[in-house]
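Visitor: My questions all concern the structure below.
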Amino acid sequence: MTDARADQYACTESLLNITPDAAVVSNLGVASYVLASVSDPERARNFYQWGSMGVTTAVGLGLALSTDEPVTVLDGDGSLLMSLGVLSTVARYDPDNLTIVVWANDVYGTTGGQSLQASHTDFAGIAENSGLDAITVGRPTRSRTPTGAPPSPRASPSLSATSTPSIPTHGQHLTSRTSPGVPAIHSRPIHE
Amino acid sequence: MTWSEDAAEALADAGVELVAYLPDSKMDVLIGEVVEDDRFETVLVSREEEAIGVLVGAWVGGNTGALLCQSSGLANTFNAIGSLSVPARVPFLGVVTRRGNLGEFNIAQVPTGYNMDKLLDDVGVRNTVVTDPENVRETITLAGETAFSTQSPYVVLLEQTVTGRKPEAADD
């Protein structure tokens, strides 16, 4: 079968190429391992989490509020699912230097690849309804019905992908041909 | 000065720049003063463990921070404190209204509130209890100073003898 998921390594590498000076806060486990492998592991602007699952985006918010420089959060869907309220907090303060990338692979990658069983959950939609600009990168593989029926489960929980998504320049949205993809949640002024 | 005015001055004296908070009935007056005070940037969080993340990020960005919440809310922060603040040596000053002890009417506040000092000791966070309003300013100032100079969290627990009891406590 073709695993059409976004390539987390390629996405992370492209992100660093486009915003080489960004401070990057990475979720514990896979997000941090990937970041360390595609950048200098000692890169001073990488802040790897070794615990504190569910708090990664909040760390990025606190940092973004304390600097004018760009801040990127690499969070996991399992981590964000623990703390969806943080999206409302981010929207409340809305630092324009903060970008949140969520690896929405429906997998607890660091604990062995167990499924979140949350493939029916639209993280970008939650972010939008929390007051943020958000987009899901990837080719839709699930057809939503007006009644909101949950999609059929995917066959593989793997993070690997066969194609490489394009990565946005600053201020642009991610676009990709892969799926289920990576919701990138951009902070934006909410009073525009 | 009231205990809350003393506490706000102490936060400033200790060099606190960012205050993350969640409302509490007895903390409300201090939160109001801090939010209106230009010396502080304030962040209302959805859950207290978020505040730990915000304060860690703020420290990485060069700002010193404090957490204002109630003791039951502080219980929500323990994994973030134990797996981030303490091992990463990121300080914050906690100013926490302590429930569960003298004057408590709600049994649900007792397990984590009454035991919060011991819980903090067990996770490696220094703490002290203030029972006399006269001691609020000096205690919070010194707590902040030692937190930031040793780069480790410090929590001040304010008893209901300082902040007053909820009206419900006197109804029965």
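Every chain in the structure tokens has a letter given in the order shown (A, B, ...), and although residue numbers restart at 1 in each chain, ligands are simply numbered from 1 in the order shown.
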Residues of chain A were defined as contacting chain B if any atom lay at most 10 Å from it, counting only C-alpha atoms; please report them as a ChimeraX atom specification.

Guide: /A:23,25,45,47,49-69,83-90,92-93

Visitor: As a list in words, please: all residues of region 7-64 of chain A that backbone DSSP puts in strand (DSSP E).

Guide: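 Selection result, strand (DSSP E) within region 7-64 of chain A: Ala23, Val24, Val25, Ser26, Asn46, Phe47 and Tyr48 of chain A.
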
Visitor: Can you write just those residues out, N, CA, C and O atoms, as a short mmCIF file (atom, residue, chain, number, x, y, z; two decimals), in the first residue's frame?

Guide:
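Saved result, result.cif, follows:
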```
data_model
loop_
_atom_site.label_atom_id
_atom_site.label_comp_id
_atom_site.auth_asym_id
_atom_site.auth_seq_id
_atom_site.Cartn_x
_atom_site.Cartn_y
_atom_site.Cartn_z
N ALA A 23 13.26 30.01 16.88
CA ALA A 23 13.36 29.16 18.06
C ALA A 23 12.33 28.06 17.90
O ALA A 23 11.18 28.32 17.53
N VAL A 24 12.74 26.82 18.13
CA VAL A 24 11.85 25.68 17.92
C VAL A 24 11.64 24.94 19.24
O VAL A 24 12.60 24.49 19.85
N VAL A 25 10.39 24.83 19.64
CA VAL A 25 10.04 24.07 20.85
C VAL A 25 9.42 22.76 20.38
O VAL A 25 8.39 22.76 19.68
N SER A 26 10.06 21.64 20.74
CA SER A 26 9.59 20.36 20.20
C SER A 26 9.05 19.46 21.30
O SER A 26 9.60 19.37 22.40
N ASN A 46 16.99 25.13 19.56
CA ASN A 46 16.07 23.99 19.75
C ASN A 46 15.81 23.80 21.23
O ASN A 46 16.76 23.73 22.02
N PHE A 47 14.56 23.71 21.60
CA PHE A 47 14.22 23.43 23.00
C PHE A 47 13.44 22.13 23.04
O PHE A 47 12.24 22.10 22.78
N TYR A 48 14.17 21.05 23.30
CA TYR A 48 13.56 19.72 23.31
C TYR A 48 12.84 19.49 24.64
O TYR A 48 13.40 19.72 25.70
#
```

Visitor: Using DSSP on the backbone, list every residue of region 90-167 of chain B that comes out as alpha helix (DSSP H), and give them as an NGL selection string.

Guide: :B and (110-114 or 116-123 or 136-150 or 160-163 or 167)

Visitor: So, counting only C-alpha atoms, which residue among B:Lys26, B:Leu119, B:Ala7, B:Lys166 is closest to Asn106 (chain B)?

Guide: B:Lys166

Visitor: Have a look at B:Val34, B:Val29, B:Ala75, B:Leu157 and name the one nearest to Ala10 (chain B); count only C-alpha atoms.

Guide: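 Answer, going by the shortest atom-to-atom distance: B:Val34.
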
Visitor: If we count only C-alpha atoms and set the cut-off at 7 Å, which residues sit around Leu74 (chain A), ignoring sequence neighbours fewer than 3 positions away in its own chain? Please answer as a list in words.

Guide: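 Within the cut-off, the hits are Val25, Ser26, Asn27, Ala31, Ile100, Val101 and Val102 of chain A.
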
Visitor: Write to file, as a CSV table (one decimal), in the first residue's frame, the residues of the selection just made, with N, CA, C and O atoms.

Guide:
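Here's the written file selection-v4.csv:
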```csv
chain,number,residue,atom,x,y,z
A,25,VAL,N,10.4,24.8,19.6
A,25,VAL,CA,10.0,24.1,20.8
A,25,VAL,C,9.4,22.8,20.4
A,25,VAL,O,8.4,22.8,19.7
A,26,SER,N,10.1,21.6,20.7
A,26,SER,CA,9.6,20.4,20.2
A,26,SER,C,9.0,19.5,21.3
A,26,SER,O,9.6,19.4,22.4
A,27,ASN,N,8.0,18.8,21.0
A,27,ASN,CA,7.3,17.9,21.9
A,27,ASN,C,8.2,16.7,22.2
A,27,ASN,O,9.1,16.3,21.5
A,31,ALA,N,8.9,14.0,17.9
A,31,ALA,CA,9.1,15.4,17.4
A,31,ALA,C,10.5,15.9,17.7
A,31,ALA,O,11.2,16.5,16.9
A,100,ILE,N,2.4,27.1,15.2
A,100,ILE,CA,2.3,25.8,15.8
A,100,ILE,C,2.1,24.7,14.8
A,100,ILE,O,1.1,24.8,14.0
A,101,VAL,N,2.9,23.7,14.7
A,101,VAL,CA,2.8,22.6,13.8
A,101,VAL,C,2.4,21.4,14.6
A,101,VAL,O,3.1,21.1,15.6
A,102,VAL,N,1.4,20.7,14.2
A,102,VAL,CA,0.9,19.5,14.9
A,102,VAL,C,1.1,18.3,14.0
A,102,VAL,O,0.5,18.3,12.9
```

Visitor: To one decimal place in Å, what is the distance between CA of Gly164 (chain B) and CA of Thr141 (chain B)?

Guide: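 Going from CA of Gly164 (chain B) over to CA of Thr141 (chain B) covers 21.2 Å.
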
Visitor: Could you list, as a short mmCIF file (atom, residue, chain, number, x, y, z; two decimals) with all heavy atoms, in the first residue's frame, every residue within 10 Å of region 36-41 of chain A, counting only C-alpha atoms and ignoring same-chain residues fewer than 3 positions away?

Guide:
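Below you can see selection37.cif, which holds the result:
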```cif
data_model
loop_
_atom_site.label_atom_id
_atom_site.label_comp_id
_atom_site.auth_asym_id
_atom_site.auth_seq_id
_atom_site.Cartn_x
_atom_site.Cartn_y
_atom_site.Cartn_z
N TYR A 9 10.35 13.97 8.78
CA TYR A 9 11.73 14.42 8.62
C TYR A 9 11.83 15.52 7.58
O TYR A 9 12.45 16.55 7.80
CB TYR A 9 12.64 13.24 8.23
CG TYR A 9 12.86 12.25 9.35
CD1 TYR A 9 11.96 11.22 9.59
CD2 TYR A 9 13.97 12.37 10.18
CE1 TYR A 9 12.16 10.32 10.63
CE2 TYR A 9 14.18 11.48 11.23
CZ TYR A 9 13.27 10.46 11.44
OH TYR A 9 13.47 9.59 12.48
N ALA A 10 11.20 15.27 6.41
CA ALA A 10 11.27 16.26 5.34
C ALA A 10 10.58 17.56 5.75
O ALA A 10 11.08 18.66 5.46
CB ALA A 10 10.62 15.69 4.07
N CYS A 11 9.45 17.44 6.43
CA CYS A 11 8.73 18.64 6.87
C CYS A 11 9.58 19.44 7.86
O CYS A 11 9.68 20.67 7.76
CB CYS A 11 7.42 18.26 7.55
SG CYS A 11 6.12 17.68 6.45
N THR A 12 10.20 18.75 8.80
CA THR A 12 10.98 19.45 9.82
C THR A 12 12.20 20.11 9.19
O THR A 12 12.54 21.26 9.50
CB THR A 12 11.41 18.46 10.92
OG1 THR A 12 10.25 17.82 11.45
CG2 THR A 12 12.14 19.18 12.04
N GLU A 13 12.83 19.38 8.28
CA GLU A 13 14.02 19.93 7.61
C GLU A 13 13.65 21.16 6.78
O GLU A 13 14.35 22.18 6.82
CB GLU A 13 14.64 18.85 6.72
CG GLU A 13 16.02 19.19 6.21
CD GLU A 13 16.69 17.96 5.62
OE1 GLU A 13 15.97 17.05 5.16
OE2 GLU A 13 17.93 17.92 5.62
N SER A 14 12.57 21.07 6.05
CA SER A 14 12.14 22.21 5.23
C SER A 14 11.80 23.41 6.10
O SER A 14 12.12 24.56 5.78
CB SER A 14 10.93 21.82 4.38
OG SER A 14 11.26 20.80 3.47
N LEU A 16 13.07 24.20 8.92
CA LEU A 16 14.31 24.83 9.39
C LEU A 16 14.99 25.59 8.26
O LEU A 16 15.61 26.63 8.49
CB LEU A 16 15.25 23.78 9.97
CG LEU A 16 14.84 23.22 11.33
CD1 LEU A 16 15.69 22.00 11.68
CD2 LEU A 16 14.98 24.28 12.41
N ASN A 17 14.87 25.07 7.05
CA ASN A 17 15.49 25.77 5.92
C ASN A 17 14.81 27.11 5.66
O ASN A 17 15.45 28.08 5.27
CB ASN A 17 15.40 24.90 4.66
CG ASN A 17 16.35 23.71 4.72
OD1 ASN A 17 17.32 23.73 5.47
ND2 ASN A 17 16.05 22.68 3.94
N PRO A 20 15.39 29.60 9.37
CA PRO A 20 16.58 29.06 10.04
C PRO A 20 16.85 29.68 11.40
O PRO A 20 17.54 29.08 12.22
CB PRO A 20 17.71 29.39 9.05
CG PRO A 20 17.19 30.49 8.21
CD PRO A 20 15.72 30.29 8.11
N SER A 26 10.06 21.64 20.74
CA SER A 26 9.59 20.36 20.20
C SER A 26 9.05 19.46 21.30
O SER A 26 9.60 19.37 22.40
CB SER A 26 10.73 19.66 19.46
OG SER A 26 11.87 19.50 20.28
N VAL A 30 9.16 11.68 19.47
CA VAL A 30 9.47 11.68 18.04
C VAL A 30 9.73 13.07 17.50
O VAL A 30 10.68 13.28 16.74
CB VAL A 30 8.33 10.99 17.26
CG1 VAL A 30 8.59 11.09 15.76
CG2 VAL A 30 8.20 9.53 17.68
N ALA A 31 8.93 14.04 17.88
CA ALA A 31 9.13 15.40 17.35
C ALA A 31 10.53 15.91 17.69
O ALA A 31 11.19 16.55 16.85
CB ALA A 31 8.07 16.34 17.90
N SER A 32 10.99 15.61 18.91
CA SER A 32 12.33 16.06 19.31
C SER A 32 13.42 15.22 18.64
O SER A 32 14.45 15.75 18.21
CB SER A 32 12.49 15.97 20.83
OG SER A 32 11.78 17.02 21.47
N TYR A 33 13.19 13.91 18.53
CA TYR A 33 14.19 13.07 17.88
C TYR A 33 14.38 13.49 16.42
O TYR A 33 15.50 13.55 15.92
CB TYR A 33 13.80 11.59 17.93
CG TYR A 33 13.58 11.05 19.33
CD1 TYR A 33 12.73 9.96 19.55
CD2 TYR A 33 14.22 11.61 20.43
CE1 TYR A 33 12.53 9.45 20.82
CE2 TYR A 33 14.02 11.10 21.71
CZ TYR A 33 13.17 10.03 21.90
OH TYR A 33 12.96 9.54 23.16
N ALA A 44 21.31 25.86 19.33
CA ALA A 44 20.96 26.56 20.56
C ALA A 44 19.49 26.95 20.60
O ALA A 44 18.93 27.15 21.67
CB ALA A 44 21.84 27.81 20.72
N ASN A 46 16.99 25.13 19.56
CA ASN A 46 16.07 23.99 19.75
C ASN A 46 15.81 23.80 21.23
O ASN A 46 16.76 23.73 22.02
CB ASN A 46 16.68 22.70 19.20
CG ASN A 46 16.78 22.69 17.69
OD1 ASN A 46 16.29 23.60 17.03
ND2 ASN A 46 17.41 21.67 17.15
N PHE A 47 14.56 23.71 21.60
CA PHE A 47 14.22 23.43 23.00
C PHE A 47 13.44 22.13 23.04
O PHE A 47 12.24 22.10 22.78
CB PHE A 47 13.42 24.59 23.61
CG PHE A 47 13.16 24.45 25.08
CD1 PHE A 47 13.93 23.63 25.90
CD2 PHE A 47 12.13 25.17 25.68
CE1 PHE A 47 13.69 23.52 27.25
CE2 PHE A 47 11.87 25.07 27.04
CZ PHE A 47 12.65 24.24 27.83
N TYR A 48 14.17 21.05 23.30
CA TYR A 48 13.56 19.72 23.31
C TYR A 48 12.84 19.49 24.64
O TYR A 48 13.40 19.72 25.70
CB TYR A 48 14.63 18.64 23.16
CG TYR A 48 15.58 18.83 22.01
CD1 TYR A 48 16.91 19.18 22.24
CD2 TYR A 48 15.17 18.64 20.71
CE1 TYR A 48 17.80 19.34 21.19
CE2 TYR A 48 16.05 18.80 19.65
CZ TYR A 48 17.38 19.15 19.91
OH TYR A 48 18.26 19.30 18.87
#
```

Visitor: Just to confirm, what's the straight-line distance from CA of Glu9 (chain B) to CA of Pro167 (chain B) in Å (one decimal)?

Guide: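 Going from CA of Glu9 (chain B) over to CA of Pro167 (chain B) covers 26.9 Å.
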
Visitor: For the atom pair CA of Thr99 (chain A) and CA of Leu35 (chain A), what is the interatomic distance in Å to one decimal place?

Guide: 15.6 Å

Visitor: Would you please work out which residue, of B:Thr161, B:Leu120, B:Ser72, B:Ile140, is nearest to Val16 (chain B) when using only C-alpha atoms?

Guide: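 Using only C-alpha atoms, Val16 (chain B) sits closest to B:Ile140.
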